[in-house]
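One structure is given below, encoded as structure tokens.
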Amino acid sequence: MARMKFLCDAERCIECNACVTACKNEHEVPWGINRRRLVTLNDGKPGERSISMACMHCNDPPCAAVCPVDCFLQTADGVVLHSKDLCIGCGYCFYACPFGAPQYPRTTDFGSRGKMDKCTFCAGGPEPDGSVEEYQKYGANRLAEGKLPLCAEMCSTRALMGGDGAVLADIYQERSLRRGYGSGAPGWSTAYGRNDRGSPFAPGGPGTGGA
């Protein structure tokens with residue numbers, strides 16, 4: 001059984017924010033919430049790197065471990081979903097998640113956060129697949145349509161990949177081997193040789209599983 005995962009290759013990310021925009025448009029994410037966001041380290045300095053962050057759909061999600069109402073569930077594909085009908089907005093998941101994935105639409109004078117919202121890996125929620133209720137609460141269910149997350153599909157450099165974790169690991173291993181000594185190999189991150197043209201591992205290539 002495939003285990004769905006995200007992988008972001010920081011050496012390829014160009015900080016275009018296409019993944020962030022695609023996610024918000026596809027799911028009509030509420031104002032003030034970003035299910036996916038871009039994090040840049042050493043901005044404007046040598047060694048600057050950017051990485052696209054969202055829920056990483058952990059095998060043993062800490063958010064589910066601390067939820068007092070058990071509103072989290074994990075699908076057979078390993079996607080971590082949650083029920084907005086059960087969520088009480090306590091915020092425990094927000095503090096437990098190392099990636100800051102759970103977010104809340106508002107904060108009032110009385111501390112009410114509303115129902116938590118997070119990345120669904122474009123798998124909708126516990127509502128029936130393709131239903132109006134599912135879309136209104138969780139957004140589009142692309143996995144039920146046989147598609148991968150739109151954020152990964154829209155990545156022009158194939159820095160962000162989504163799909164079976166085993167396949168992603170093989171792709172990243174192949175990329176690492178082609179890079180030689182990684183970031184220690186001068187110029188490899190910008191100069192790709194003729195052998196990379198048409199390759200699924202080259203920037204803009206078709207990828208494996210949409211990656």
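The chains in the structure tokens are called A, B, ... from first to last as shown; in each chain the residues are counted from 1, and the ligands are counted from 1 in the order shown.
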
Secondary structure check, strand (DSSP E or B) residues of stretch 11-49 of chain A, as number ranges by chain: A: 37-41, 49

Residue contacts of stretch 23-36 of chain A (9 Å, only C-alpha atoms) excluding same-chain residues fewer than 5 positions away, as a ChimeraX atom specification: /A:18,52-55,101-106,117-120,122,135-136,138-140,149-151

Atomic distance atom CA of A:Ser131 - atom CA of A:Thr75, expressed in Å with one decimal: 17.9 Å

Which of stretch 11-125 of chain A fall in helix (DSSP H, G or I), as a list in words: Ala18, Cys19, Val20, Thr21, Ala22, Cys23, Lys24, Asn25, Glu26, His27, Pro62, Cys63, Ala64, Ala65, Val66, Tyr92, Cys93, Phe94, Tyr95 and Ala96 of chain A

Pick from A:Arg142, A:Arg37, A:Lys147, A:Arg158, whichever lies nearest to A:Leu7 using only C-alpha atoms: A:Arg158

Residue neighbourhood A:Asp77, 7 Å, only C-alpha atoms, exclusion window fewer than 2 positions, as a list in words: Met1, Ala2, Arg3, Met4, Thr75 and Val79 of chain A

Neighbour list for stretch 84-86 of chain A as a VMD selection string, cut-off 7 Å, only C-alpha atoms, skip fewer than 5 positions in-chain: chain A and resid 69 71 115 to 116

Could you please take those selected residues and save all heavy atoms as a PDB file, in the first residue's frame?
ATOM      1  N   VAL A  69     -10.528  15.253  21.431  1.00  0.00           N
ATOM      2  CA  VAL A  69     -11.803  14.746  20.907  1.00  0.00           C
ATOM      3  C   VAL A  69     -11.600  13.777  19.745  1.00  0.00           C
ATOM      4  O   VAL A  69     -12.573  13.375  19.098  1.00  0.00           O
ATOM      5  CB  VAL A  69     -12.714  15.913  20.460  1.00  0.00           C
ATOM      6  CG1 VAL A  69     -13.137  16.747  21.653  1.00  0.00           C
ATOM      7  CG2 VAL A  69     -12.034  16.783  19.416  1.00  0.00           C
ATOM      8  N   CYS A  71     -10.429  14.047  16.671  1.00  0.00           N
ATOM      9  CA  CYS A  71     -11.013  14.484  15.396  1.00  0.00           C
ATOM     10  C   CYS A  71     -10.112  14.141  14.204  1.00  0.00           C
ATOM     11  O   CYS A  71     -10.497  14.368  13.065  1.00  0.00           O
ATOM     12  CB  CYS A  71     -11.315  15.980  15.429  1.00  0.00           C
ATOM     13  SG  CYS A  71      -9.881  17.059  15.314  1.00  0.00           S
ATOM     14  N   LYS A 115     -12.935  26.473  13.910  1.00  0.00           N
ATOM     15  CA  LYS A 115     -12.543  25.123  13.529  1.00  0.00           C
ATOM     16  C   LYS A 115     -11.177  25.134  12.866  1.00  0.00           C
ATOM     17  O   LYS A 115     -10.893  25.975  12.012  1.00  0.00           O
ATOM     18  CB  LYS A 115     -13.571  24.526  12.571  1.00  0.00           C
ATOM     19  CG  LYS A 115     -14.991  24.510  13.123  1.00  0.00           C
ATOM     20  CD  LYS A 115     -15.141  23.540  14.285  1.00  0.00           C
ATOM     21  CE  LYS A 115     -16.589  23.438  14.723  1.00  0.00           C
ATOM     22  NZ  LYS A 115     -16.776  22.490  15.834  1.00  0.00           N
ATOM     23  N   MET A 116     -10.361  24.176  13.255  1.00  0.00           N
ATOM     24  CA  MET A 116      -9.003  24.094  12.696  1.00  0.00           C
ATOM     25  C   MET A 116      -9.047  23.770  11.198  1.00  0.00           C
ATOM     26  O   MET A 116      -9.950  23.090  10.715  1.00  0.00           O
ATOM     27  CB  MET A 116      -8.213  23.011  13.456  1.00  0.00           C
ATOM     28  CG  MET A 116      -6.755  22.900  13.056  1.00  0.00           C
ATOM     29  SD  MET A 116      -6.473  21.751  11.715  1.00  0.00           S
ATOM     30  CE  MET A 116      -6.709  20.191  12.531  1.00  0.00           C
TER      31      MET A 116
END

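The protein and nucleic acid residues lying at most 9 Å from A:Leu168 are Lys5, Phe6, Leu7, Met161, Gly162, Gly163, Asp164, Gly165, Ala166, Asp170, Ile171, Tyr172, Gln173, Thr208, Gly209 and Ala211 of chain A, with only C-alpha atoms considered and sequence neighbours fewer than 2 positions away removed.
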
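Here the question is which of A:Ile88, A:Tyr95, A:Leu160, A:Ser50 gets nearest to A:Val66 using only C-alpha atoms, and that residue is A:Tyr95.
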